[in-house]
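Have a look at data.cif below; it lists mmCIF, N, CA and C atoms and all ligand atoms.
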data_structure
#
loop_
_atom_site.label_atom_id
_atom_site.label_comp_id
_atom_site.auth_asym_id
_atom_site.auth_seq_id
_atom_site.Cartn_x
_atom_site.Cartn_y
_atom_site.Cartn_z
N MET T 1 53.81 -169.37 20.61
CA MET T 1 52.55 -170.00 20.18
C MET T 1 51.38 -169.36 20.91
N GLU T 2 50.33 -169.05 20.15
CA GLU T 2 49.20 -168.31 20.71
C GLU T 2 47.91 -169.12 20.53
N ARG T 3 46.91 -168.83 21.35
CA ARG T 3 45.59 -169.46 21.19
C ARG T 3 44.51 -168.39 21.13
N THR T 4 43.44 -168.72 20.45
CA THR T 4 42.31 -167.79 20.35
C THR T 4 41.02 -168.57 20.33
N LEU T 5 39.92 -167.91 20.68
CA LEU T 5 38.61 -168.56 20.61
C LEU T 5 37.89 -168.14 19.34
N SER T 6 37.38 -169.14 18.63
CA SER T 6 36.56 -168.89 17.45
C SER T 6 35.17 -169.44 17.70
N ILE T 7 34.16 -168.70 17.26
CA ILE T 7 32.78 -169.22 17.31
C ILE T 7 32.17 -169.09 15.92
N ILE T 8 31.60 -170.19 15.44
CA ILE T 8 30.74 -170.09 14.25
C ILE T 8 29.34 -169.79 14.81
N LYS T 9 28.87 -168.59 14.53
CA LYS T 9 27.64 -168.07 15.13
C LYS T 9 26.41 -168.80 14.56
N PRO T 10 25.23 -168.61 15.17
CA PRO T 10 24.03 -169.33 14.73
C PRO T 10 23.73 -169.19 13.23
N ASP T 11 24.03 -168.03 12.65
CA ASP T 11 23.77 -167.87 11.20
C ASP T 11 24.72 -168.75 10.38
N GLY T 12 25.96 -168.86 10.82
CA GLY T 12 26.93 -169.71 10.11
C GLY T 12 26.55 -171.17 10.17
N VAL T 13 26.08 -171.62 11.34
CA VAL T 13 25.67 -173.02 11.51
C VAL T 13 24.41 -173.29 10.69
N SER T 14 23.39 -172.42 10.81
CA SER T 14 22.12 -172.70 10.14
C SER T 14 22.25 -172.60 8.62
N ARG T 15 23.21 -171.83 8.14
CA ARG T 15 23.37 -171.71 6.68
C ARG T 15 24.33 -172.75 6.11
N GLY T 16 24.79 -173.67 6.95
CA GLY T 16 25.63 -174.76 6.43
C GLY T 16 27.05 -174.33 6.12
N LEU T 17 27.59 -173.41 6.94
CA LEU T 17 28.93 -172.88 6.66
C LEU T 17 30.01 -173.39 7.62
N ILE T 18 29.69 -174.41 8.42
CA ILE T 18 30.68 -174.94 9.36
C ILE T 18 31.92 -175.42 8.60
N GLY T 19 31.69 -176.24 7.60
CA GLY T 19 32.81 -176.80 6.82
C GLY T 19 33.62 -175.72 6.13
N GLU T 20 32.93 -174.74 5.58
CA GLU T 20 33.58 -173.63 4.87
C GLU T 20 34.52 -172.86 5.81
N VAL T 21 34.06 -172.59 7.01
CA VAL T 21 34.88 -171.84 7.97
C VAL T 21 36.09 -172.68 8.39
N ILE T 22 35.84 -173.93 8.74
CA ILE T 22 36.94 -174.80 9.19
C ILE T 22 37.96 -175.00 8.07
N LYS T 23 37.49 -175.13 6.84
CA LYS T 23 38.40 -175.28 5.70
C LYS T 23 39.39 -174.12 5.62
N ARG T 24 38.88 -172.91 5.87
CA ARG T 24 39.75 -171.73 5.79
C ARG T 24 40.81 -171.75 6.88
N PHE T 25 40.44 -172.23 8.08
CA PHE T 25 41.44 -172.35 9.14
C PHE T 25 42.51 -173.37 8.73
N GLU T 26 42.06 -174.52 8.25
CA GLU T 26 43.01 -175.59 7.89
C GLU T 26 43.92 -175.15 6.75
N GLN T 27 43.36 -174.42 5.79
CA GLN T 27 44.18 -173.97 4.66
C GLN T 27 45.20 -172.92 5.07
N ASN T 28 44.99 -172.29 6.22
CA ASN T 28 45.91 -171.26 6.70
C ASN T 28 46.82 -171.74 7.82
N GLN T 29 47.01 -173.05 7.88
CA GLN T 29 47.93 -173.65 8.86
C GLN T 29 47.58 -173.29 10.30
N ILE T 30 46.28 -173.17 10.58
CA ILE T 30 45.83 -172.95 11.96
C ILE T 30 45.39 -174.30 12.51
N ARG T 31 45.85 -174.65 13.70
CA ARG T 31 45.47 -175.92 14.32
C ARG T 31 44.25 -175.72 15.22
N ILE T 32 43.30 -176.66 15.12
CA ILE T 32 42.14 -176.66 16.02
C ILE T 32 42.49 -177.59 17.18
N VAL T 33 42.54 -177.04 18.40
CA VAL T 33 42.95 -177.85 19.55
C VAL T 33 41.77 -178.16 20.50
N ALA T 34 40.58 -177.65 20.18
CA ALA T 34 39.37 -178.01 20.91
C ALA T 34 38.19 -177.57 20.06
N MET T 35 37.09 -178.35 20.17
CA MET T 35 35.91 -177.99 19.38
C MET T 35 34.66 -178.63 19.97
N LYS T 36 33.56 -177.87 20.04
CA LYS T 36 32.27 -178.44 20.42
C LYS T 36 31.11 -177.60 19.90
N MET T 37 29.94 -178.24 19.83
CA MET T 37 28.74 -177.53 19.43
C MET T 37 27.84 -177.37 20.65
N VAL T 38 27.38 -176.16 20.89
CA VAL T 38 26.52 -175.88 22.04
C VAL T 38 25.44 -174.87 21.64
N GLN T 39 24.35 -174.87 22.40
CA GLN T 39 23.39 -173.77 22.25
C GLN T 39 23.40 -172.97 23.54
N LEU T 40 23.77 -171.72 23.44
CA LEU T 40 23.91 -170.86 24.61
C LEU T 40 22.55 -170.50 25.18
N THR T 41 22.49 -170.35 26.49
CA THR T 41 21.32 -169.74 27.11
C THR T 41 21.51 -168.22 26.99
N LYS T 42 20.45 -167.49 27.24
CA LYS T 42 20.54 -166.02 27.21
C LYS T 42 21.59 -165.53 28.23
N LYS T 43 21.57 -166.13 29.41
CA LYS T 43 22.53 -165.75 30.46
C LYS T 43 23.97 -166.01 30.02
N GLN T 44 24.20 -167.15 29.40
CA GLN T 44 25.56 -167.47 28.93
C GLN T 44 26.00 -166.50 27.84
N ALA T 45 25.10 -166.14 26.95
CA ALA T 45 25.44 -165.17 25.89
C ALA T 45 25.74 -163.80 26.50
N GLU T 46 24.96 -163.41 27.50
CA GLU T 46 25.20 -162.12 28.17
C GLU T 46 26.55 -162.11 28.89
N GLY T 47 26.90 -163.23 29.51
CA GLY T 47 28.19 -163.32 30.21
C GLY T 47 29.34 -163.26 29.23
N PHE T 48 29.19 -163.92 28.10
CA PHE T 48 30.25 -163.93 27.10
C PHE T 48 30.49 -162.53 26.54
N TYR T 49 29.42 -161.81 26.28
CA TYR T 49 29.53 -160.48 25.67
C TYR T 49 29.40 -159.36 26.71
N ALA T 50 29.73 -159.65 27.96
CA ALA T 50 29.59 -158.66 29.05
C ALA T 50 30.28 -157.32 28.74
N VAL T 51 31.38 -157.36 28.00
CA VAL T 51 32.07 -156.10 27.66
C VAL T 51 31.19 -155.17 26.83
N HIS T 52 30.18 -155.73 26.17
CA HIS T 52 29.31 -154.91 25.31
C HIS T 52 27.98 -154.55 25.99
N LYS T 53 27.91 -154.78 27.31
CA LYS T 53 26.66 -154.60 28.06
C LYS T 53 26.00 -153.24 27.83
N ALA T 54 26.82 -152.20 27.72
CA ALA T 54 26.27 -150.85 27.59
C ALA T 54 25.94 -150.46 26.15
N ARG T 55 26.28 -151.34 25.20
CA ARG T 55 26.05 -150.99 23.79
C ARG T 55 24.58 -151.14 23.41
N PRO T 56 24.12 -150.31 22.48
CA PRO T 56 22.71 -150.39 22.07
C PRO T 56 22.34 -151.73 21.44
N PHE T 57 23.34 -152.44 20.89
CA PHE T 57 23.02 -153.69 20.21
C PHE T 57 23.13 -154.92 21.13
N PHE T 58 23.35 -154.71 22.44
CA PHE T 58 23.58 -155.82 23.36
C PHE T 58 22.42 -156.81 23.43
N GLN T 59 21.18 -156.31 23.56
CA GLN T 59 20.01 -157.20 23.65
C GLN T 59 19.86 -158.04 22.40
N SER T 60 19.92 -157.35 21.27
CA SER T 60 19.75 -158.03 20.00
C SER T 60 20.88 -159.05 19.77
N LEU T 61 22.10 -158.66 20.08
CA LEU T 61 23.26 -159.55 19.89
C LEU T 61 23.13 -160.81 20.75
N THR T 62 22.75 -160.65 22.00
CA THR T 62 22.67 -161.81 22.89
C THR T 62 21.46 -162.69 22.54
N ASP T 63 20.37 -162.08 22.06
CA ASP T 63 19.24 -162.88 21.55
C ASP T 63 19.69 -163.71 20.35
N PHE T 64 20.38 -163.04 19.44
CA PHE T 64 20.88 -163.73 18.25
C PHE T 64 21.82 -164.88 18.62
N MET T 65 22.73 -164.64 19.54
CA MET T 65 23.75 -165.65 19.87
C MET T 65 23.17 -166.89 20.53
N CYS T 66 21.95 -166.77 21.11
CA CYS T 66 21.35 -167.99 21.69
C CYS T 66 20.19 -168.50 20.85
N SER T 67 20.04 -167.99 19.62
CA SER T 67 18.91 -168.37 18.77
C SER T 67 19.08 -169.74 18.10
N GLY T 68 20.26 -170.33 18.20
CA GLY T 68 20.51 -171.64 17.59
C GLY T 68 21.88 -172.11 18.01
N PRO T 69 22.25 -173.34 17.63
CA PRO T 69 23.56 -173.86 18.03
C PRO T 69 24.73 -173.08 17.42
N VAL T 70 25.83 -173.08 18.14
CA VAL T 70 27.07 -172.47 17.66
C VAL T 70 28.17 -173.52 17.76
N VAL T 71 29.22 -173.36 16.97
CA VAL T 71 30.39 -174.23 17.07
C VAL T 71 31.52 -173.40 17.67
N VAL T 72 32.05 -173.89 18.78
CA VAL T 72 33.09 -173.17 19.50
C VAL T 72 34.40 -173.92 19.35
N MET T 73 35.46 -173.19 18.99
CA MET T 73 36.76 -173.82 18.77
C MET T 73 37.88 -173.03 19.43
N VAL T 74 38.91 -173.74 19.84
CA VAL T 74 40.14 -173.08 20.24
C VAL T 74 41.14 -173.30 19.10
N LEU T 75 41.68 -172.21 18.60
CA LEU T 75 42.64 -172.26 17.50
C LEU T 75 44.02 -171.97 18.06
N GLU T 76 45.03 -172.61 17.48
CA GLU T 76 46.39 -172.41 17.95
C GLU T 76 47.32 -172.18 16.76
N GLY T 77 48.29 -171.32 16.96
CA GLY T 77 49.28 -171.06 15.92
C GLY T 77 50.04 -169.79 16.25
N GLU T 78 51.04 -169.52 15.42
CA GLU T 78 51.81 -168.30 15.61
C GLU T 78 50.92 -167.10 15.24
N ASN T 79 50.85 -166.13 16.12
CA ASN T 79 50.08 -164.91 15.85
C ASN T 79 48.62 -165.20 15.45
N VAL T 80 48.04 -166.26 16.06
CA VAL T 80 46.74 -166.75 15.57
C VAL T 80 45.59 -165.79 15.89
N ILE T 81 45.73 -164.95 16.91
CA ILE T 81 44.65 -164.00 17.23
C ILE T 81 44.44 -163.06 16.04
N GLN T 82 45.54 -162.44 15.60
CA GLN T 82 45.47 -161.52 14.47
C GLN T 82 45.17 -162.26 13.16
N LYS T 83 45.78 -163.42 13.01
CA LYS T 83 45.58 -164.20 11.79
C LYS T 83 44.10 -164.56 11.60
N ASN T 84 43.47 -164.99 12.70
CA ASN T 84 42.04 -165.31 12.63
C ASN T 84 41.21 -164.07 12.31
N ARG T 85 41.55 -162.93 12.92
CA ARG T 85 40.81 -161.69 12.66
C ARG T 85 40.93 -161.31 11.18
N THR T 86 42.10 -161.55 10.61
CA THR T 86 42.30 -161.25 9.19
C THR T 86 41.44 -162.15 8.31
N ILE T 87 41.40 -163.44 8.65
CA ILE T 87 40.59 -164.39 7.88
C ILE T 87 39.10 -164.07 8.00
N MET T 88 38.69 -163.60 9.21
CA MET T 88 37.28 -163.24 9.44
C MET T 88 36.86 -162.01 8.65
N GLY T 89 37.70 -160.97 8.65
CA GLY T 89 37.34 -159.70 8.03
C GLY T 89 36.69 -158.76 9.03
N ALA T 90 36.49 -157.52 8.63
CA ALA T 90 35.96 -156.48 9.52
C ALA T 90 34.56 -156.84 10.03
N THR T 91 34.23 -156.32 11.22
CA THR T 91 32.92 -156.57 11.85
C THR T 91 31.79 -156.29 10.87
N ASN T 92 31.87 -155.13 10.22
CA ASN T 92 30.87 -154.76 9.21
C ASN T 92 31.28 -155.38 7.87
N TYR T 93 30.49 -156.35 7.41
CA TYR T 93 30.87 -157.09 6.19
C TYR T 93 31.06 -156.19 4.98
N LYS T 94 30.40 -155.01 5.01
CA LYS T 94 30.53 -154.08 3.88
C LYS T 94 31.94 -153.48 3.81
N GLU T 95 32.63 -153.49 4.98
CA GLU T 95 33.99 -152.96 5.03
C GLU T 95 35.03 -154.07 5.03
N ALA T 96 34.59 -155.31 5.03
CA ALA T 96 35.53 -156.44 5.11
C ALA T 96 36.26 -156.63 3.78
N ALA T 97 37.53 -157.02 3.87
CA ALA T 97 38.35 -157.21 2.67
C ALA T 97 37.84 -158.40 1.85
N GLU T 98 38.11 -158.35 0.56
CA GLU T 98 37.78 -159.45 -0.37
C GLU T 98 38.37 -160.75 0.14
N GLY T 99 37.61 -161.82 0.00
CA GLY T 99 38.13 -163.14 0.34
C GLY T 99 38.05 -163.48 1.82
N THR T 100 37.52 -162.56 2.64
CA THR T 100 37.36 -162.86 4.06
C THR T 100 36.00 -163.55 4.28
N ILE T 101 35.88 -164.24 5.40
CA ILE T 101 34.64 -164.97 5.70
C ILE T 101 33.45 -164.01 5.73
N ARG T 102 33.62 -162.87 6.41
CA ARG T 102 32.48 -161.95 6.53
C ARG T 102 32.12 -161.31 5.20
N ARG T 103 33.12 -160.96 4.40
CA ARG T 103 32.83 -160.38 3.09
C ARG T 103 32.11 -161.39 2.20
N ASP T 104 32.53 -162.64 2.30
CA ASP T 104 31.94 -163.66 1.43
C ASP T 104 30.55 -164.11 1.89
N PHE T 105 30.27 -164.09 3.20
CA PHE T 105 29.04 -164.72 3.68
C PHE T 105 28.13 -163.88 4.56
N ALA T 106 28.64 -162.84 5.23
CA ALA T 106 27.80 -162.12 6.18
C ALA T 106 26.71 -161.35 5.45
N THR T 107 25.59 -161.15 6.15
CA THR T 107 24.44 -160.49 5.54
C THR T 107 24.05 -159.24 6.32
N ASP T 108 24.75 -158.99 7.41
CA ASP T 108 24.26 -158.02 8.40
C ASP T 108 25.43 -157.72 9.33
N ILE T 109 25.48 -156.52 9.93
CA ILE T 109 26.58 -156.21 10.85
C ILE T 109 26.53 -157.13 12.07
N GLU T 110 25.33 -157.57 12.45
CA GLU T 110 25.20 -158.47 13.60
C GLU T 110 25.39 -159.93 13.19
N LYS T 111 24.73 -160.32 12.14
CA LYS T 111 24.81 -161.73 11.69
C LYS T 111 26.01 -161.85 10.76
N ASN T 112 27.18 -161.98 11.41
CA ASN T 112 28.42 -161.94 10.64
C ASN T 112 29.25 -163.22 10.76
N ILE T 113 28.54 -164.35 10.94
CA ILE T 113 29.07 -165.72 10.77
C ILE T 113 30.04 -166.19 11.85
N VAL T 114 31.02 -165.35 12.18
CA VAL T 114 32.07 -165.81 13.10
C VAL T 114 32.39 -164.78 14.18
N HIS T 115 32.90 -165.30 15.27
CA HIS T 115 33.50 -164.49 16.32
C HIS T 115 34.96 -164.89 16.45
N GLY T 116 35.82 -163.94 16.78
CA GLY T 116 37.21 -164.27 17.11
C GLY T 116 37.70 -163.34 18.21
N SER T 117 38.43 -163.89 19.18
CA SER T 117 38.98 -163.04 20.25
C SER T 117 39.84 -161.95 19.64
N ASP T 118 39.90 -160.79 20.33
CA ASP T 118 40.62 -159.65 19.74
C ASP T 118 41.95 -159.32 20.42
N ALA T 119 42.32 -160.03 21.50
CA ALA T 119 43.58 -159.74 22.21
C ALA T 119 43.90 -160.93 23.12
N PRO T 120 45.15 -161.05 23.57
CA PRO T 120 45.51 -162.18 24.44
C PRO T 120 44.64 -162.28 25.70
N GLU T 121 44.31 -161.14 26.32
CA GLU T 121 43.51 -161.17 27.56
C GLU T 121 42.09 -161.66 27.28
N THR T 122 41.49 -161.17 26.20
CA THR T 122 40.13 -161.62 25.88
C THR T 122 40.15 -163.08 25.43
N ALA T 123 41.19 -163.49 24.72
CA ALA T 123 41.31 -164.89 24.29
C ALA T 123 41.33 -165.80 25.51
N SER T 124 42.09 -165.42 26.52
CA SER T 124 42.20 -166.28 27.68
C SER T 124 40.88 -166.33 28.46
N PHE T 125 40.19 -165.21 28.59
CA PHE T 125 38.85 -165.21 29.22
C PHE T 125 37.87 -166.06 28.42
N GLU T 126 37.87 -165.88 27.12
CA GLU T 126 36.88 -166.55 26.27
C GLU T 126 37.12 -168.05 26.17
N ILE T 127 38.39 -168.47 26.11
CA ILE T 127 38.70 -169.91 26.07
C ILE T 127 38.23 -170.55 27.39
N GLY T 128 38.54 -169.90 28.50
CA GLY T 128 38.13 -170.41 29.81
C GLY T 128 36.62 -170.41 30.01
N TYR T 129 35.91 -169.58 29.26
CA TYR T 129 34.45 -169.51 29.35
C TYR T 129 33.82 -170.80 28.82
N PHE T 130 34.49 -171.42 27.83
CA PHE T 130 33.92 -172.60 27.18
C PHE T 130 34.65 -173.91 27.44
N PHE T 131 35.92 -173.86 27.77
CA PHE T 131 36.71 -175.09 27.86
C PHE T 131 37.53 -175.13 29.15
N ASN T 132 37.70 -176.33 29.68
CA ASN T 132 38.68 -176.49 30.76
C ASN T 132 39.97 -177.06 30.17
N ALA T 133 41.03 -177.04 30.95
CA ALA T 133 42.37 -177.39 30.46
C ALA T 133 42.41 -178.81 29.86
N PHE T 134 41.61 -179.73 30.39
CA PHE T 134 41.64 -181.13 29.92
C PHE T 134 41.01 -181.28 28.54
N GLU T 135 40.27 -180.28 28.11
CA GLU T 135 39.59 -180.37 26.81
C GLU T 135 40.45 -179.84 25.66
N LEU T 136 41.62 -179.33 25.98
CA LEU T 136 42.51 -178.79 24.94
C LEU T 136 43.58 -179.82 24.57
N ILE T 137 43.72 -180.08 23.28
CA ILE T 137 44.76 -181.00 22.80
C ILE T 137 46.11 -180.30 22.93
N SER T 138 47.07 -180.98 23.52
CA SER T 138 48.38 -180.32 23.67
C SER T 138 49.37 -180.85 22.63
P1 LIG U 201 33.22 -160.53 17.50
O1 LIG U 201 33.48 -160.00 18.90
O2 LIG U 201 31.88 -161.21 17.36
O3 LIG U 201 34.34 -161.35 16.98
P2 LIG U 201 34.04 -158.03 16.45
O4 LIG U 201 35.13 -158.09 17.47
O5 LIG U 201 34.42 -157.85 15.02
O6 LIG U 201 33.14 -159.30 16.50
P3 LIG U 201 32.63 -156.32 18.27
O7 LIG U 201 32.76 -154.85 18.20
O8 LIG U 201 33.33 -157.08 19.36
O9 LIG U 201 33.03 -156.90 16.84
O10 LIG U 201 31.08 -156.66 18.33
C1 LIG U 201 30.63 -157.93 18.72
C2 LIG U 201 29.50 -158.36 17.83
O11 LIG U 201 28.40 -157.50 18.06
C3 LIG U 201 29.79 -158.24 16.33
O12 LIG U 201 30.45 -159.32 15.78
C4 LIG U 201 28.38 -158.14 15.79
O13 LIG U 201 27.77 -159.44 15.75
C5 LIG U 201 27.69 -157.30 16.84
N1 LIG U 201 27.76 -155.87 16.52
C6 LIG U 201 28.84 -155.05 16.57
N2 LIG U 201 28.56 -153.80 16.21
C7 LIG U 201 27.23 -153.81 15.95
C8 LIG U 201 26.29 -152.83 15.53
N3 LIG U 201 26.66 -151.56 15.31
N4 LIG U 201 25.01 -153.21 15.34
C9 LIG U 201 24.62 -154.49 15.56
N5 LIG U 201 25.44 -155.47 15.96
C10 LIG U 201 26.73 -155.14 16.15
MG MG U 202 34.78 -158.50 19.53
#
Since I need it in another form, could you write the structure as C-alpha cells?
Amino acid sequence: MERTLSIIKPDGVSRGLIGEVIKRFEQNQIRIVAMKMVQLTKKQAEGFYAVHKARPFFQSLTDFMCSGPVVVMVLEGENVIQKNRTIMGATNYKEAAEGTIRRDFATDIEKNIVHGSDAPETASFEIGYFFNAFELIS
C-alpha cells in the first residue's frame, strides 16, 4: 500500500474543480486519508518546491501557488503514486493524454490544476510538509 500527496492548485479551486478532481480519485478506487484547504505563504510555497529553486519558472510558480487557497490531500492505494500521475496527465496539458485532468482542464503549463508526488521519497517529504501522523486516517 502506497501514499501520495495531491494538491488542487489555486486555479483548480478558483475554477470550481474541487469536486471534479475528487470524483476522479473516487472513481478510480483511490482512498483519501487526509484532506484540508490552506493558503500557502510565499515561504511555504518556496519550501515545497525547493527542488525547482534553480528553474527559470520558480518565482512565477511559487507566486502562483500562494495566489489563492489550495486543497491538499493524502491519497492511498496500490501503486497510487503512478496511478495519480496517470489520472493527472503530463505536466504540459498539450501533451497530456485524453481524459486526464490536465488535458481536460489545464490552460497553461504552470496553471495545470493539480500536483502529485512523483516518487516514494518525494511523497514522504511532501506528506510530512502538510500533515502530521495524527491527521492521517488509518
Ligand atoms: P507537479 O510537481 O506540480 O505535480 P509535475 O511533476 O508534472 O507537476 P514539475 O516538473 O515537477 O511537473 O513542475 C512543477 C510545476 O511547475 C508544474 O506542475 C507546473 O505548474 C510548473 N512548471 C513546470 N514546468 C514549467 C515550465 N516550463 N514553465 C512554467 N511552469 C512550469
Ligand atoms: Mg513535480
For the contact check between stretch 37-77 of chain T and stretch 8-26 of chain T, emit one row per residue of stretch 37-77 of chain T within 6.5 Å, containing the shortest atom pair and the distance in Å rounded to one decimal, counting all atoms listed in the file, chain then rising number order, as a tab-separated table.
residue	atom	partner	partner_atom	distance
T:Phe64	C	T:Pro10	N	6.1
T:Met65	CA	T:Pro10	N	5.7
T:Ser67	C	T:Pro10	CA	6.0
T:Gly68	C	T:Pro10	CA	4.8
T:Pro69	C	T:Pro10	CA	4.7
T:Val70	CA	T:Ile8	C	4.5
T:Val71	C	T:Ile8	N	3.9
T:Val72	N	T:Ile8	N	5.0
T:Met73	N	T:Ile8	N	6.0
Within 8 Å of ligand MG 202 (chain U), counting only N, CA and C atoms and all ligand atoms: which residues, as a list of chain:residue names?
->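 Answer in the requested format: T:His115, T:Gly116, T:Ser117, T:Asp118, T:Ala119.
Here atom C of T:Arg55 stands at a distance of 11.0 Å from atom C4 of ligand LIG 201 (chain U).
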Expected selection as a short mmCIF file (atom, residue, chain, number, x, y, z; two decimals) with N, CA and C atoms, in the coordinates of the input for ligand LIG 201 (chain U) within 9 Å, only C-alpha atoms and all ligand atoms:
data_model
loop_
_atom_site.label_atom_id
_atom_site.label_comp_id
_atom_site.auth_asym_id
_atom_site.auth_seq_id
_atom_site.Cartn_x
_atom_site.Cartn_y
_atom_site.Cartn_z
N SER T 6 37.38 -169.14 18.63
CA SER T 6 36.56 -168.89 17.45
C SER T 6 35.17 -169.44 17.70
N ILE T 7 34.16 -168.70 17.26
CA ILE T 7 32.78 -169.22 17.31
C ILE T 7 32.17 -169.09 15.92
N LYS T 9 28.87 -168.59 14.53
CA LYS T 9 27.64 -168.07 15.13
C LYS T 9 26.41 -168.80 14.56
N TYR T 49 29.42 -161.81 26.28
CA TYR T 49 29.53 -160.48 25.67
C TYR T 49 29.40 -159.36 26.71
N VAL T 51 31.38 -157.36 28.00
CA VAL T 51 32.07 -156.10 27.66
C VAL T 51 31.19 -155.17 26.83
N HIS T 52 30.18 -155.73 26.17
CA HIS T 52 29.31 -154.91 25.31
C HIS T 52 27.98 -154.55 25.99
N ARG T 55 26.28 -151.34 25.20
CA ARG T 55 26.05 -150.99 23.79
C ARG T 55 24.58 -151.14 23.41
N PRO T 56 24.12 -150.31 22.48
CA PRO T 56 22.71 -150.39 22.07
C PRO T 56 22.34 -151.73 21.44
N PHE T 57 23.34 -152.44 20.89
CA PHE T 57 23.02 -153.69 20.21
C PHE T 57 23.13 -154.92 21.13
N PHE T 58 23.35 -154.71 22.44
CA PHE T 58 23.58 -155.82 23.36
C PHE T 58 22.42 -156.81 23.43
N SER T 60 19.92 -157.35 21.27
CA SER T 60 19.75 -158.03 20.00
C SER T 60 20.88 -159.05 19.77
N LEU T 61 22.10 -158.66 20.08
CA LEU T 61 23.26 -159.55 19.89
C LEU T 61 23.13 -160.81 20.75
N THR T 62 22.75 -160.65 22.00
CA THR T 62 22.67 -161.81 22.89
C THR T 62 21.46 -162.69 22.54
N PHE T 64 20.38 -163.04 19.44
CA PHE T 64 20.88 -163.73 18.25
C PHE T 64 21.82 -164.88 18.62
N MET T 65 22.73 -164.64 19.54
CA MET T 65 23.75 -165.65 19.87
C MET T 65 23.17 -166.89 20.53
N ARG T 85 41.55 -162.93 12.92
CA ARG T 85 40.81 -161.69 12.66
C ARG T 85 40.93 -161.31 11.18
N MET T 88 38.69 -163.60 9.21
CA MET T 88 37.28 -163.24 9.44
C MET T 88 36.86 -162.01 8.65
N GLY T 89 37.70 -160.97 8.65
CA GLY T 89 37.34 -159.70 8.03
C GLY T 89 36.69 -158.76 9.03
N ALA T 90 36.49 -157.52 8.63
CA ALA T 90 35.96 -156.48 9.52
C ALA T 90 34.56 -156.84 10.03
N THR T 91 34.23 -156.32 11.22
CA THR T 91 32.92 -156.57 11.85
C THR T 91 31.79 -156.29 10.87
N ASN T 92 31.87 -155.13 10.22
CA ASN T 92 30.87 -154.76 9.21
C ASN T 92 31.28 -155.38 7.87
N ASP T 108 24.75 -158.99 7.41
CA ASP T 108 24.26 -158.02 8.40
C ASP T 108 25.43 -157.72 9.33
N ILE T 109 25.48 -156.52 9.93
CA ILE T 109 26.58 -156.21 10.85
C ILE T 109 26.53 -157.13 12.07
N GLU T 110 25.33 -157.57 12.45
CA GLU T 110 25.20 -158.47 13.60
C GLU T 110 25.39 -159.93 13.19
N LYS T 111 24.73 -160.32 12.14
CA LYS T 111 24.81 -161.73 11.69
C LYS T 111 26.01 -161.85 10.76
N ASN T 112 27.18 -161.98 11.41
CA ASN T 112 28.42 -161.94 10.64
C ASN T 112 29.25 -163.22 10.76
N ILE T 113 28.54 -164.35 10.94
CA ILE T 113 29.07 -165.72 10.77
C ILE T 113 30.04 -166.19 11.85
N VAL T 114 31.02 -165.35 12.18
CA VAL T 114 32.07 -165.81 13.10
C VAL T 114 32.39 -164.78 14.18
N HIS T 115 32.90 -165.30 15.27
CA HIS T 115 33.50 -164.49 16.32
C HIS T 115 34.96 -164.89 16.45
N GLY T 116 35.82 -163.94 16.78
CA GLY T 116 37.21 -164.27 17.11
C GLY T 116 37.70 -163.34 18.21
N SER T 117 38.43 -163.89 19.18
CA SER T 117 38.98 -163.04 20.25
C SER T 117 39.84 -161.95 19.64
N ASP T 118 39.90 -160.79 20.33
CA ASP T 118 40.62 -159.65 19.74
C ASP T 118 41.95 -159.32 20.42
#
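Looking only at chain T, the set that DSSP places in strand (DSSP E) from backbone geometry is Glu2, Arg3, Thr4, Leu5, Ser6, Ile7, Ile8, Arg31, Ile32, Val33, Ala34, Met35, Lys36, Met37, Val38, Val70, Val71, Val72, Met73, Val74, Leu75, Glu76, Gly77, Val114, His115 and Gly116 of chain T.
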I'd like the box whose edges run along x, y and z of the file and which contains every listed atom of stretch 11-17 of chain T, padded by 5 Å per side; could you state its centre and edge lengths in Å, one decimal, as AutoDock Vina command-line options?
--center_x 26.1 --center_y -171.3 --center_z 9.4 --size_x 17.9 --size_y 16.9 --size_z 16.5
Residue among T:Glu126, T:Glu121, T:Ile137, T:Met37 lying closest to T:Leu5, counting only N, CA and C atoms = T:Glu126
What is the atom N of T:Asp104 to atom CA of T:Gln27 distance in Å?
->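 Atom-to-atom, atom N of T:Asp104 and atom CA of T:Gln27 are spaced 16.4 Å apart.
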Got a moment to write stretch 111-133 of chain T out with C-alpha atoms, as an mmCIF file, in the first residue's frame?
data_model
loop_
_atom_site.group_PDB
_atom_site.id
_atom_site.type_symbol
_atom_site.label_atom_id
_atom_site.label_comp_id
_atom_site.auth_asym_id
_atom_site.auth_seq_id
_atom_site.Cartn_x
_atom_site.Cartn_y
_atom_site.Cartn_z
ATOM 1 C CA LYS T 111 -1.663 26.555 -14.218
ATOM 2 C CA ASN T 112 -2.262 22.855 -14.526
ATOM 3 C CA ILE T 113 -4.906 22.246 -11.806
ATOM 4 C CA VAL T 114 -3.190 19.530 -9.788
ATOM 5 C CA HIS T 115 0.058 18.463 -8.210
ATOM 6 C CA GLY T 116 1.027 14.862 -7.456
ATOM 7 C CA SER T 117 4.170 13.454 -5.844
ATOM 8 C CA ASP T 118 6.433 11.744 -8.375
ATOM 9 C CA ALA T 119 8.248 9.085 -6.255
ATOM 10 C CA PRO T 120 8.102 7.433 -2.806
ATOM 11 C CA GLU T 121 10.806 9.771 -1.390
ATOM 12 C CA THR T 122 9.094 12.940 -2.606
ATOM 13 C CA ALA T 123 5.702 11.608 -1.440
ATOM 14 C CA SER T 124 7.034 11.116 2.051
ATOM 15 C CA PHE T 125 8.620 14.608 2.161
ATOM 16 C CA GLU T 126 5.502 16.241 0.740
ATOM 17 C CA ILE T 127 3.033 14.430 3.033
ATOM 18 C CA GLY T 128 5.147 15.423 6.053
ATOM 19 C CA TYR T 129 5.222 19.020 4.788
ATOM 20 C CA PHE T 130 1.451 19.323 5.251
ATOM 21 C CA PHE T 131 0.287 16.642 7.685
ATOM 22 C CA ASN T 132 1.355 15.021 10.916
ATOM 23 C CA ALA T 133 0.756 11.322 11.634
#
